[in-house]
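Structure file coords_12.csv (CSV, N, CA and C atoms) is printed below.
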chain,number,residue,atom,x,y,z
A,92,MET,N,88.3,95.9,87.6
A,92,MET,CA,87.5,95.8,88.8
A,92,MET,C,87.6,97.0,89.7
A,93,ARG,N,86.5,97.4,90.2
A,93,ARG,CA,86.5,98.5,91.1
A,93,ARG,C,87.3,98.2,92.4
A,94,ARG,N,87.9,99.3,92.9
A,94,ARG,CA,88.6,99.1,94.2
A,94,ARG,C,87.6,98.8,95.3
A,95,PRO,N,87.9,97.9,96.2
A,95,PRO,CA,86.9,97.5,97.2
A,95,PRO,C,86.6,98.7,98.1
A,96,TRP,N,87.5,99.5,98.4
A,96,TRP,CA,87.2,100.6,99.4
A,96,TRP,C,86.4,101.7,98.7
A,97,PHE,N,86.6,101.9,97.4
A,97,PHE,CA,85.7,102.8,96.7
A,97,PHE,C,84.3,102.3,96.7
A,98,HIS,N,84.1,101.0,96.4
A,98,HIS,CA,82.8,100.4,96.4
A,98,HIS,C,82.1,100.5,97.8
A,99,TYR,N,82.9,100.3,98.8
A,99,TYR,CA,82.4,100.5,100.2
A,99,TYR,C,81.9,101.9,100.4
A,100,PHE,N,82.6,102.9,99.9
A,100,PHE,CA,82.2,104.3,100.0
A,100,PHE,C,80.8,104.5,99.3
A,101,THR,N,80.7,103.9,98.1
A,101,THR,CA,79.5,104.1,97.3
A,101,THR,C,78.3,103.5,98.1
A,102,LEU,N,78.5,102.6,99.0
A,102,LEU,CA,77.4,102.0,99.8
A,102,LEU,C,77.2,102.8,101.1
A,103,GLY,N,77.9,103.9,101.3
A,103,GLY,CA,77.7,104.7,102.5
A,103,GLY,C,78.7,104.5,103.6
A,104,GLY,N,79.8,103.8,103.3
A,104,GLY,CA,80.8,103.6,104.3
A,104,GLY,C,81.5,104.9,104.7
A,105,HIS,N,82.0,105.0,105.9
A,105,HIS,CA,82.6,106.3,106.4
A,105,HIS,C,84.1,106.1,106.8
A,106,ALA,N,84.5,104.9,107.0
A,106,ALA,CA,85.9,104.6,107.4
A,106,ALA,C,86.8,104.9,106.3
A,107,GLY,N,88.0,105.4,106.5
A,107,GLY,CA,89.0,105.7,105.5
A,107,GLY,C,89.7,104.4,105.1
A,108,GLU,N,90.5,104.5,104.1
A,108,GLU,CA,91.2,103.3,103.6
A,108,GLU,C,92.2,102.8,104.6
A,109,ILE,N,92.9,103.8,105.3
A,109,ILE,CA,93.9,103.4,106.3
A,109,ILE,C,93.2,102.6,107.5
A,110,GLU,N,92.1,103.1,107.9
A,110,GLU,CA,91.3,102.4,108.9
A,110,GLU,C,90.9,101.0,108.5
A,111,GLY,N,90.5,100.9,107.2
A,111,GLY,CA,90.2,99.6,106.7
A,111,GLY,C,91.3,98.6,106.7
A,112,GLU,N,92.5,99.1,106.3
A,112,GLU,CA,93.7,98.3,106.3
A,112,GLU,C,94.0,97.8,107.7
A,113,ALA,N,93.9,98.8,108.7
A,113,ALA,CA,94.1,98.5,110.1
A,113,ALA,C,93.2,97.4,110.6
A,114,CYS,N,91.9,97.5,110.1
A,114,CYS,CA,90.9,96.5,110.5
A,114,CYS,C,91.3,95.2,110.0
A,115,LEU,N,91.7,95.1,108.7
A,115,LEU,CA,92.0,93.8,108.1
A,115,LEU,C,93.2,93.2,108.8
A,116,HIS,N,94.1,94.0,109.4
A,116,HIS,CA,95.3,93.4,110.1
A,116,HIS,C,95.0,93.3,111.6
A,117,ARG,N,93.7,93.5,112.0
A,117,ARG,CA,93.3,93.4,113.4
A,117,ARG,C,94.0,94.3,114.3
A,118,CYS,N,94.3,95.5,113.8
A,118,CYS,CA,94.9,96.6,114.6
A,118,CYS,C,93.8,97.6,115.1
A,119,LEU,N,92.6,97.5,114.5
A,119,LEU,CA,91.6,98.4,114.8
A,119,LEU,C,90.2,97.8,114.5
A,120,ASP,N,89.3,98.0,115.4
A,120,ASP,CA,87.9,97.5,115.2
A,120,ASP,C,87.1,98.6,114.6
A,121,LEU,N,86.4,98.3,113.5
A,121,LEU,CA,85.4,99.3,113.0
A,121,LEU,C,84.1,99.0,113.7
A,122,PRO,N,83.2,100.0,113.7
A,122,PRO,CA,81.9,99.8,114.3
A,122,PRO,C,81.2,98.7,113.4
A,123,ARG,N,80.2,98.1,114.1
A,123,ARG,CA,79.5,97.0,113.5
A,123,ARG,C,78.9,97.3,112.1
A,124,LEU,N,78.2,98.4,111.9
A,124,LEU,CA,77.6,98.8,110.7
A,124,LEU,C,78.7,99.0,109.6
A,125,GLN,N,79.8,99.6,109.9
A,125,GLN,CA,80.9,99.7,108.9
A,125,GLN,C,81.5,98.4,108.5
A,126,ARG,N,81.7,97.5,109.5
A,126,ARG,CA,82.2,96.1,109.2
A,126,ARG,C,81.2,95.4,108.2
A,127,ASP,N,79.9,95.6,108.5
A,127,ASP,CA,78.9,94.9,107.6
A,127,ASP,C,78.9,95.5,106.2
A,128,LEU,N,79.2,96.9,106.1
A,128,LEU,CA,79.3,97.5,104.8
A,128,LEU,C,80.5,97.0,104.0
A,129,VAL,N,81.6,96.8,104.7
A,129,VAL,CA,82.8,96.3,104.1
A,129,VAL,C,82.5,94.9,103.6
A,130,THR,N,81.9,94.1,104.4
A,130,THR,CA,81.5,92.7,104.0
A,130,THR,C,80.6,92.7,102.8
A,131,HIS,N,79.6,93.6,102.8
A,131,HIS,CA,78.6,93.7,101.7
A,131,HIS,C,79.3,94.1,100.4
A,132,ALA,N,80.2,95.1,100.5
A,132,ALA,CA,80.9,95.6,99.3
A,132,ALA,C,81.8,94.5,98.8
A,133,ALA,N,82.5,93.7,99.6
A,133,ALA,CA,83.3,92.7,99.1
A,133,ALA,C,82.5,91.6,98.5
A,134,ASN,N,81.4,91.2,99.1
A,134,ASN,CA,80.5,90.2,98.5
A,134,ASN,C,80.0,90.6,97.2
A,135,GLU,N,79.6,91.8,97.0
A,135,GLU,CA,79.1,92.3,95.7
A,135,GLU,C,80.2,92.2,94.7
A,136,LEU,N,81.4,92.6,95.0
A,136,LEU,CA,82.5,92.6,94.0
A,136,LEU,C,82.8,91.2,93.6
A,137,VAL,N,82.8,90.3,94.6
A,137,VAL,CA,83.2,88.9,94.3
A,137,VAL,C,82.1,88.3,93.5
A,138,HIS,N,80.8,88.6,93.7
A,138,HIS,CA,79.7,88.1,93.0
A,138,HIS,C,79.8,88.5,91.5
A,139,ARG,N,80.3,89.6,91.2
A,139,ARG,CA,80.4,90.1,89.8
A,139,ARG,C,81.5,89.5,89.0
A,140,GLN,N,82.4,88.8,89.7
A,140,GLN,CA,83.5,88.2,89.0
A,140,GLN,C,83.1,86.8,88.4
A,141,PRO,N,83.6,86.4,87.3
A,141,PRO,CA,83.3,85.1,86.7
A,141,PRO,C,83.8,84.0,87.7
A,142,PRO,N,83.1,82.9,87.7
A,142,PRO,CA,83.6,81.9,88.6
A,142,PRO,C,85.0,81.4,88.3
A,143,LEU,N,85.8,81.1,89.3
A,143,LEU,CA,87.1,80.6,89.0
A,143,LEU,C,87.1,79.1,88.8
A,144,ARG,N,87.8,78.7,87.9
A,144,ARG,CA,88.0,77.2,87.7
A,144,ARG,C,89.3,77.0,86.9
A,145,ALA,N,89.8,75.8,87.0
A,145,ALA,CA,91.0,75.5,86.3
A,145,ALA,C,90.6,75.1,84.9
A,146,PRO,N,91.3,75.5,83.8
A,146,PRO,CA,91.0,75.2,82.5
A,146,PRO,C,91.4,73.8,82.1
A,147,TYR,N,90.6,73.1,81.3
A,147,TYR,CA,91.0,71.9,80.7
A,147,TYR,C,91.8,72.1,79.5
A,148,THR,N,92.5,71.1,79.0
A,148,THR,CA,93.4,71.3,77.8
A,148,THR,C,92.6,71.9,76.6
A,149,TRP,N,91.4,71.3,76.4
A,149,TRP,CA,90.6,71.8,75.2
A,149,TRP,C,90.2,73.3,75.4
A,150,ASP,N,90.1,73.8,76.7
A,150,ASP,CA,89.8,75.2,76.9
A,150,ASP,C,91.0,76.0,76.4
A,151,LEU,N,92.2,75.6,76.6
A,151,LEU,CA,93.3,76.3,76.3
A,151,LEU,C,93.6,76.4,74.8
A,152,HIS,N,93.1,75.4,74.1
A,152,HIS,CA,93.4,75.3,72.6
A,152,HIS,C,92.2,75.6,71.8
A,153,ARG,N,91.1,76.0,72.4
A,153,ARG,CA,89.9,76.3,71.6
A,153,ARG,C,90.0,77.7,71.1
A,154,PRO,N,89.6,78.0,69.9
A,154,PRO,CA,89.6,79.3,69.3
A,154,PRO,C,88.6,80.2,70.1
A,155,PRO,N,89.0,81.5,70.3
A,155,PRO,CA,88.1,82.4,71.1
A,155,PRO,C,86.7,82.5,70.5
A,156,GLY,N,85.7,82.5,71.4
A,156,GLY,CA,84.3,82.6,70.9
A,156,GLY,C,83.7,81.3,70.6
A,157,ARG,N,84.4,80.2,70.6
A,157,ARG,CA,83.8,78.9,70.3
A,157,ARG,C,83.4,78.2,71.6
A,158,ALA,N,82.2,77.7,71.6
A,158,ALA,CA,81.6,77.1,72.8
A,158,ALA,C,82.3,75.8,73.1
A,159,ALA,N,82.3,75.4,74.4
A,159,ALA,CA,82.9,74.2,74.8
A,159,ALA,C,82.1,73.0,74.3
A,160,GLN,N,82.7,71.9,74.0
A,160,GLN,CA,82.1,70.7,73.6
A,160,GLN,C,81.6,69.9,74.8
A,161,GLU,N,80.4,69.4,74.7
A,161,GLU,CA,79.9,68.6,75.9
A,161,GLU,C,80.0,67.2,75.8

Let me see whether you can do it: turn the structure in this file into structure tokens.
Amino acid sequence: MRRPWFHYFTLGGHAGEIEGEACLHRCLDLPRLQRDLVTHAANELVHRQPPLRAPYTWDLHRPPGRAAQE
């Protein structure tokens, strides 16, 4: 997975990683546009991940590549 701050930079973000960490810990406020870019970057990265779910027993014991039974 790409690092969130790198993705933020690819979208045009200007704040450094230290400023971003400070913002996450509520020690610093980023300008509105930068906050929105951070949010957009995070949402894009989350959207690219497979949905999280707990596996059933048959998921754990199924051979790789075999479809789930319905």

Contact residues around stretch 98-102 of chain A with all atoms listed in the file at 8 Å, ignoring same-chain residues under 4 positions, as a list in words: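 Surrounding residues, per the criterion: Arg93, Arg94, Ala106, Leu128, Val129, Thr130, His131, Ala132 and Ala133 of chain A.
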
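One finds atom C of A:Cys118 at 24.9 Å from atom CA of A:Glu135.
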
Grab the atom C of A:Leu136 to atom N of A:Phe97 distance for me, in Å with one decimal place. 12.0 Å

Point-to-point distance from atom CA of A:Trp96 to atom CA of A:Arg144, Å rounded to tenths: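 About the pair atom CA of A:Trp96 and atom CA of A:Arg144: they are 26.2 Å apart.
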
Find, counting only C-alpha atoms, the residue in A:Pro141, A:Asp150, A:Glu112, A:Gly103 that gets nearest to A:Asp127.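 Nearest to A:Asp127: A:Gly103.
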
Please identify the alpha helix (DSSP H) residues within chain A (assignment by DSSP from backbone atoms) and present them as a ChimeraX atom specification. /A:95-101,108-115,123-139,148-152

Output requested as a PDB file, in the frame of the given file - stretch 144-155 of chain A, filled out with all heavy atoms.
ATOM      1  N   ARG A 144      87.800  78.700  87.900  1.00  0.00           N
ATOM      2  CA  ARG A 144      88.000  77.200  87.700  1.00  0.00           C
ATOM      3  C   ARG A 144      89.300  77.000  86.900  1.00  0.00           C
ATOM      4  O   ARG A 144      89.724  77.885  86.133  1.00  0.00           O
ATOM      5  CB  ARG A 144      86.788  76.654  86.918  1.00  0.00           C
ATOM      6  CG  ARG A 144      86.608  77.134  85.509  1.00  0.00           C
ATOM      7  CD  ARG A 144      85.405  76.448  84.854  1.00  0.00           C
ATOM      8  NE  ARG A 144      85.399  76.604  83.420  1.00  0.00           N
ATOM      9  CZ  ARG A 144      86.105  75.899  82.558  1.00  0.00           C
ATOM     10  NH1 ARG A 144      86.897  74.945  82.986  1.00  0.00           N
ATOM     11  NH2 ARG A 144      86.032  76.112  81.268  1.00  0.00           N
ATOM     12  N   ALA A 145      89.800  75.800  87.000  1.00  0.00           N
ATOM     13  CA  ALA A 145      91.000  75.500  86.300  1.00  0.00           C
ATOM     14  C   ALA A 145      90.600  75.100  84.900  1.00  0.00           C
ATOM     15  O   ALA A 145      89.613  74.371  84.667  1.00  0.00           O
ATOM     16  CB  ALA A 145      91.721  74.309  86.955  1.00  0.00           C
ATOM     17  N   PRO A 146      91.300  75.500  83.800  1.00  0.00           N
ATOM     18  CA  PRO A 146      91.000  75.200  82.500  1.00  0.00           C
ATOM     19  C   PRO A 146      91.400  73.800  82.100  1.00  0.00           C
ATOM     20  O   PRO A 146      92.447  73.307  82.509  1.00  0.00           O
ATOM     21  CB  PRO A 146      91.715  76.233  81.630  1.00  0.00           C
ATOM     22  CG  PRO A 146      92.898  76.585  82.459  1.00  0.00           C
ATOM     23  CD  PRO A 146      92.454  76.460  83.894  1.00  0.00           C
ATOM     24  N   TYR A 147      90.600  73.100  81.300  1.00  0.00           N
ATOM     25  CA  TYR A 147      91.000  71.900  80.700  1.00  0.00           C
ATOM     26  C   TYR A 147      91.800  72.100  79.500  1.00  0.00           C
ATOM     27  O   TYR A 147      91.898  73.258  78.970  1.00  0.00           O
ATOM     28  CB  TYR A 147      89.723  71.067  80.244  1.00  0.00           C
ATOM     29  CG  TYR A 147      88.893  70.604  81.404  1.00  0.00           C
ATOM     30  CD1 TYR A 147      87.780  71.324  81.812  1.00  0.00           C
ATOM     31  CD2 TYR A 147      89.225  69.453  82.098  1.00  0.00           C
ATOM     32  CE1 TYR A 147      87.004  70.904  82.880  1.00  0.00           C
ATOM     33  CE2 TYR A 147      88.462  69.023  83.176  1.00  0.00           C
ATOM     34  CZ  TYR A 147      87.356  69.751  83.553  1.00  0.00           C
ATOM     35  OH  TYR A 147      86.605  69.327  84.620  1.00  0.00           O
ATOM     36  N   THR A 148      92.500  71.100  79.000  1.00  0.00           N
ATOM     37  CA  THR A 148      93.400  71.300  77.800  1.00  0.00           C
ATOM     38  C   THR A 148      92.600  71.900  76.600  1.00  0.00           C
ATOM     39  O   THR A 148      93.050  72.758  75.930  1.00  0.00           O
ATOM     40  CB  THR A 148      93.986  69.925  77.389  1.00  0.00           C
ATOM     41  OG1 THR A 148      94.662  69.399  78.510  1.00  0.00           O
ATOM     42  CG2 THR A 148      94.950  70.070  76.236  1.00  0.00           C
ATOM     43  N   TRP A 149      91.400  71.300  76.400  1.00  0.00           N
ATOM     44  CA  TRP A 149      90.600  71.800  75.200  1.00  0.00           C
ATOM     45  C   TRP A 149      90.200  73.300  75.400  1.00  0.00           C
ATOM     46  O   TRP A 149      89.953  73.975  74.472  1.00  0.00           O
ATOM     47  CB  TRP A 149      89.374  70.931  74.970  1.00  0.00           C
ATOM     48  CG  TRP A 149      88.449  70.753  76.130  1.00  0.00           C
ATOM     49  CD1 TRP A 149      87.503  71.641  76.566  1.00  0.00           C
ATOM     50  CD2 TRP A 149      88.375  69.645  76.999  1.00  0.00           C
ATOM     51  NE1 TRP A 149      86.852  71.153  77.648  1.00  0.00           N
ATOM     52  CE2 TRP A 149      87.358  69.910  77.949  1.00  0.00           C
ATOM     53  CE3 TRP A 149      89.054  68.437  77.089  1.00  0.00           C
ATOM     54  CZ2 TRP A 149      87.024  69.023  78.964  1.00  0.00           C
ATOM     55  CZ3 TRP A 149      88.703  67.563  78.102  1.00  0.00           C
ATOM     56  CH2 TRP A 149      87.709  67.849  79.023  1.00  0.00           C
ATOM     57  N   ASP A 150      90.100  73.800  76.700  1.00  0.00           N
ATOM     58  CA  ASP A 150      89.800  75.200  76.900  1.00  0.00           C
ATOM     59  C   ASP A 150      91.000  76.000  76.400  1.00  0.00           C
ATOM     60  O   ASP A 150      90.761  77.135  75.909  1.00  0.00           O
ATOM     61  CB  ASP A 150      89.531  75.459  78.368  1.00  0.00           C
ATOM     62  CG  ASP A 150      88.231  74.871  78.865  1.00  0.00           C
ATOM     63  OD1 ASP A 150      87.287  74.749  78.071  1.00  0.00           O
ATOM     64  OD2 ASP A 150      88.157  74.549  80.065  1.00  0.00           O
ATOM     65  N   LEU A 151      92.200  75.600  76.600  1.00  0.00           N
ATOM     66  CA  LEU A 151      93.300  76.300  76.300  1.00  0.00           C
ATOM     67  C   LEU A 151      93.600  76.400  74.800  1.00  0.00           C
ATOM     68  O   LEU A 151      94.183  77.356  74.299  1.00  0.00           O
ATOM     69  CB  LEU A 151      94.574  75.749  76.986  1.00  0.00           C
ATOM     70  CG  LEU A 151      94.534  75.748  78.514  1.00  0.00           C
ATOM     71  CD1 LEU A 151      95.726  74.991  79.068  1.00  0.00           C
ATOM     72  CD2 LEU A 151      94.495  77.167  79.041  1.00  0.00           C
ATOM     73  N   HIS A 152      93.100  75.400  74.100  1.00  0.00           N
ATOM     74  CA  HIS A 152      93.400  75.300  72.600  1.00  0.00           C
ATOM     75  C   HIS A 152      92.200  75.600  71.800  1.00  0.00           C
ATOM     76  O   HIS A 152      92.288  75.551  70.561  1.00  0.00           O
ATOM     77  CB  HIS A 152      93.934  73.902  72.289  1.00  0.00           C
ATOM     78  CG  HIS A 152      95.204  73.571  73.007  1.00  0.00           C
ATOM     79  ND1 HIS A 152      96.393  74.197  72.730  1.00  0.00           N
ATOM     80  CD2 HIS A 152      95.454  72.725  74.030  1.00  0.00           C
ATOM     81  CE1 HIS A 152      97.331  73.736  73.530  1.00  0.00           C
ATOM     82  NE2 HIS A 152      96.794  72.846  74.336  1.00  0.00           N
ATOM     83  N   ARG A 153      91.100  76.000  72.400  1.00  0.00           N
ATOM     84  CA  ARG A 153      89.900  76.300  71.600  1.00  0.00           C
ATOM     85  C   ARG A 153      90.000  77.700  71.100  1.00  0.00           C
ATOM     86  O   ARG A 153      90.419  78.648  71.803  1.00  0.00           O
ATOM     87  CB  ARG A 153      88.685  76.221  72.571  1.00  0.00           C
ATOM     88  CG  ARG A 153      87.384  76.513  71.905  1.00  0.00           C
ATOM     89  CD  ARG A 153      86.180  76.340  72.799  1.00  0.00           C
ATOM     90  NE  ARG A 153      86.517  75.694  74.040  1.00  0.00           N
ATOM     91  CZ  ARG A 153      86.065  76.071  75.224  1.00  0.00           C
ATOM     92  NH1 ARG A 153      85.252  77.073  75.340  1.00  0.00           N
ATOM     93  NH2 ARG A 153      86.422  75.449  76.324  1.00  0.00           N
ATOM     94  N   PRO A 154      89.600  78.000  69.900  1.00  0.00           N
ATOM     95  CA  PRO A 154      89.600  79.300  69.300  1.00  0.00           C
ATOM     96  C   PRO A 154      88.600  80.200  70.100  1.00  0.00           C
ATOM     97  O   PRO A 154      87.607  79.769  70.604  1.00  0.00           O
ATOM     98  CB  PRO A 154      89.061  79.167  67.886  1.00  0.00           C
ATOM     99  CG  PRO A 154      89.224  77.721  67.560  1.00  0.00           C
ATOM    100  CD  PRO A 154      89.162  76.985  68.869  1.00  0.00           C
ATOM    101  N   PRO A 155      89.000  81.500  70.300  1.00  0.00           N
ATOM    102  CA  PRO A 155      88.100  82.400  71.100  1.00  0.00           C
ATOM    103  C   PRO A 155      86.700  82.500  70.500  1.00  0.00           C
ATOM    104  O   PRO A 155      86.551  82.470  69.275  1.00  0.00           O
ATOM    105  CB  PRO A 155      88.832  83.743  70.947  1.00  0.00           C
ATOM    106  CG  PRO A 155      90.239  83.432  70.543  1.00  0.00           C
ATOM    107  CD  PRO A 155      90.184  82.143  69.810  1.00  0.00           C
TER     108      PRO A 155
END
